[in-house]
Amino acid sequence: PNLFLVTNFVAIPLSSVILIAEIVLCCISFITPLATLAGKLIHQLIALMNWFVELVNGLPLANWKSLQISFAQELLLYVAVAGMSFFFMKRIKASLFITTCGLLVFFLLRTLSFVNALNQQKLIVYNIAKMTAMELIEGRYSVFAGDSEVIKSESIFRFNIAPSRTYHRIRSVYLPAVDGDETLLLSSPKGIIAMARGPVYMPSQVHILVISGNPRGSLRDLLTGLMPGIVVFDSSNPGWRVKSWKQDCVEMNLNCYSVADEGAFVMNLN
């Protein structure tokens with residue numbers, strides 16, 4: 001947050017007033033009319049504080065988004081700040097050298113992190129209850145396929161998708177259109193990735209098959225003779241059906257992964 005000082009100028013005094021009002025409410029709780037009036041006043045004060053915080057948060061440049069540093073980079077910043085502070089307090093030139101070294105190593109690590117981000121190839125199947133969300137990451141770009149509600153719901157997106165994109169330094173996202181039971185095919189360095197909501201009819205081999213949308217039938221019926229490298233069941237499928245499919249995988253000697261049971265599926269494709 002870039003405007004936290006502006007927010008605190010109002011939020012801190014107002015929260016203090018709310019705290020005092022709540023103490024008063026406890027003291028007069030046995031006087032019903034006064035307690036009711038105090039409760040309504042506290043409710044309005046809390047609503048006012050929340051409204052102001054949301055108002056400031058919605059202003060342009062209020063937040064510096066997609067900012068991500070590692071723990072090592074954080075420590076180096078502390079070293080640099082401590083060295084600079086020590087220099088101003090004690091006037092020891094060695095502290096400037098420490099500050100300079102800390103900043104140099106910090107920017108070196110940060111540059112390496114961006115280089116790694118440019119070279120990353122990764123598939124992520126998110127663990128979102130009863131929903132489909134899959135992302136193929138190539139460098140700082142990604143292809144996202146999933147339910148529209150995942151993108152439209154601010155809370156779901158902020159909690160599940162946004163942290164991953166910040167961590168992987170995603171700059172641009174492509175959203176392909178997928179209709180009904182149509183199988184989505186994506187190309188990766190390790191082969192074809194398919195996301196299916198029904199039977200898969202493929203003339204070529206699939207490296208990763210993601211089954212979503214709770215399609216009916218046994219796994220043999222869905223694969224129609226296809227033998228993928230690994231089958232991933234996302235969280236949109238009910239547990240009882242995934243359990244049956246996993247048994248089919250054992251019988252067919254197929255690798256499988258249940259997102260609902262084992263967490264988000266993440267595979268490096270480099």
# chains A, B, ... in the order shown; residues from 1 in each chain; ligands from 1
call {"tool": "residues_around", "arguments": {"residues": "Ala38 (chain A)", "least_positions_apart": "4", "cutoff": "9 Å", "atoms": "only C-alpha atoms", "output": "list in words"}}
result
Ala21, Glu22, Val24, Leu25, Ile28, Pro33, Leu34, Ile42 and His43 of chain A
call {"tool": "select_by_dssp", "arguments": {"residues": "region 83-140 of chain A", "states": "strand (DSSP E or B)", "output": "list of chain:residue names"}}
result
A:Gln121, A:Lys122, A:Leu123, A:Ile124, A:Val125, A:Ala133, A:Met134, A:Glu135, A:Leu136, A:Ile137, A:Glu138
call {"tool": "write_last_selection", "arguments": {"atoms": "N, CA and C atoms", "output": "PDB file, in the first residue's frame"}}
result
ATOM      1  N   GLN A 121       8.916 -22.864 -17.352  1.00  0.00           N
ATOM      2  CA  GLN A 121       7.868 -23.586 -18.079  1.00  0.00           C
ATOM      3  C   GLN A 121       7.158 -24.442 -17.032  1.00  0.00           C
ATOM      4  N   LYS A 122       5.893 -24.172 -16.794  1.00  0.00           N
ATOM      5  CA  LYS A 122       5.241 -24.833 -15.667  1.00  0.00           C
ATOM      6  C   LYS A 122       3.740 -24.978 -15.913  1.00  0.00           C
ATOM      7  N   LEU A 123       3.188 -26.076 -15.399  1.00  0.00           N
ATOM      8  CA  LEU A 123       1.739 -26.284 -15.423  1.00  0.00           C
ATOM      9  C   LEU A 123       1.228 -26.293 -13.988  1.00  0.00           C
ATOM     10  N   ILE A 124       0.157 -25.538 -13.747  1.00  0.00           N
ATOM     11  CA  ILE A 124      -0.458 -25.488 -12.422  1.00  0.00           C
ATOM     12  C   ILE A 124      -1.946 -25.782 -12.565  1.00  0.00           C
ATOM     13  N   VAL A 125      -2.418 -26.756 -11.802  1.00  0.00           N
ATOM     14  CA  VAL A 125      -3.859 -27.004 -11.682  1.00  0.00           C
ATOM     15  C   VAL A 125      -4.233 -26.619 -10.258  1.00  0.00           C
ATOM     16  N   ALA A 133      -9.586 -24.665 -12.645  1.00  0.00           N
ATOM     17  CA  ALA A 133      -8.643 -23.569 -12.879  1.00  0.00           C
ATOM     18  C   ALA A 133      -7.278 -24.168 -13.191  1.00  0.00           C
ATOM     19  N   MET A 134      -6.816 -23.953 -14.409  1.00  0.00           N
ATOM     20  CA  MET A 134      -5.534 -24.500 -14.853  1.00  0.00           C
ATOM     21  C   MET A 134      -4.751 -23.400 -15.555  1.00  0.00           C
ATOM     22  N   GLU A 135      -3.447 -23.378 -15.326  1.00  0.00           N
ATOM     23  CA  GLU A 135      -2.615 -22.334 -15.931  1.00  0.00           C
ATOM     24  C   GLU A 135      -1.320 -22.942 -16.460  1.00  0.00           C
ATOM     25  N   LEU A 136      -1.060 -22.666 -17.723  1.00  0.00           N
ATOM     26  CA  LEU A 136       0.196 -23.080 -18.347  1.00  0.00           C
ATOM     27  C   LEU A 136       1.087 -21.851 -18.449  1.00  0.00           C
ATOM     28  N   ILE A 137       2.217 -21.899 -17.761  1.00  0.00           N
ATOM     29  CA  ILE A 137       3.122 -20.753 -17.686  1.00  0.00           C
ATOM     30  C   ILE A 137       4.314 -20.979 -18.604  1.00  0.00           C
ATOM     31  N   GLU A 138       4.578 -20.004 -19.441  1.00  0.00           N
ATOM     32  CA  GLU A 138       5.749 -20.014 -20.318  1.00  0.00           C
ATOM     33  C   GLU A 138       6.428 -18.660 -20.196  1.00  0.00           C
TER      34      GLU A 138
END
call {"tool": "atom_distance", "arguments": {"atom1": "CA of Gln73 (chain A)", "atom2": "CA of Val105 (chain A)"}}
result
8.2 Å
call {"tool": "residues_around", "arguments": {"residues": "Leu59 (chain A)", "least_positions_apart": "3", "cutoff": "12 Å", "atoms": "only C-alpha atoms", "output": "VMD selection string"}}
result
chain A and resid 1 to 4 6 to 7 52 to 56 62 to 64
call {"tool": "residues_around", "arguments": {"residues": "Val81 (chain A)", "least_positions_apart": "3", "cutoff": "12 Å", "atoms": "only C-alpha atoms", "output": "number ranges by chain"}}
result
A: 74-78, 84-88, 95-96, 98-103
call {"tool": "atom_distance", "arguments": {"atom1": "CA of Ile193 (chain A)", "atom2": "CA of Tyr167 (chain A)"}}
result
22.7 Å
call {"tool": "closest_residue", "arguments": {"among": "A:Ser188, A:Asn253, A:Gln247, A:Thr132", "to": "Asn268 (chain A)", "atoms": "only C-alpha atoms"}}
result
A:Ser188
call {"tool": "closest_residue", "arguments": {"among": "A:Ala117, A:Met131, A:Val232, A:Leu104", "to": "Leu219 (chain A)", "atoms": "only C-alpha atoms"}}
result
A:Val232
call {"tool": "residues_around", "arguments": {"residues": "His168 (chain A)", "least_positions_apart": "6", "cutoff": "10 Å", "atoms": "only C-alpha atoms", "output": "number ranges by chain"}}
result
A: 66, 68, 113-114, 116-118, 120, 122, 137-142, 162
call {"tool": "select_by_dssp", "arguments": {"residues": "region 6-135 of chain A", "states": "helix (DSSP H, G or I)", "output": "ChimeraX atom specification"}}
result
/A:6-27,32-57,71-90,93-119
call {"tool": "residues_around", "arguments": {"residues": "Val173 (chain A)", "least_positions_apart": "2", "cutoff": "8 Å", "atoms": "only C-alpha atoms", "output": "list in words"}}
result
Tyr141, Ser142, Val143, Phe144, Ile170, Arg171 and Leu175 of chain A
call {"tool": "atom_distance", "arguments": {"atom1": "CA of Ile161 (chain A)", "atom2": "CA of Tyr126 (chain A)"}}
result
7.9 Å
call {"tool": "closest_residue", "arguments": {"among": "A:Pro215, A:Ala264, A:Ser15, A:Pro228", "to": "Ser164 (chain A)", "atoms": "only C-alpha atoms"}}
result
A:Ala264
call {"tool": "residues_around", "arguments": {"residues": "Met252 (chain A)", "least_positions_apart": "5", "cutoff": "12 Å", "atoms": "only C-alpha atoms", "output": "list in words"}}
result
Ser218, Leu219, Arg220, Leu223, Gly225, Leu226, Met227, Pro228, Gly229, Ile230, Val231, Trp245, Lys246 and Gln247 of chain A
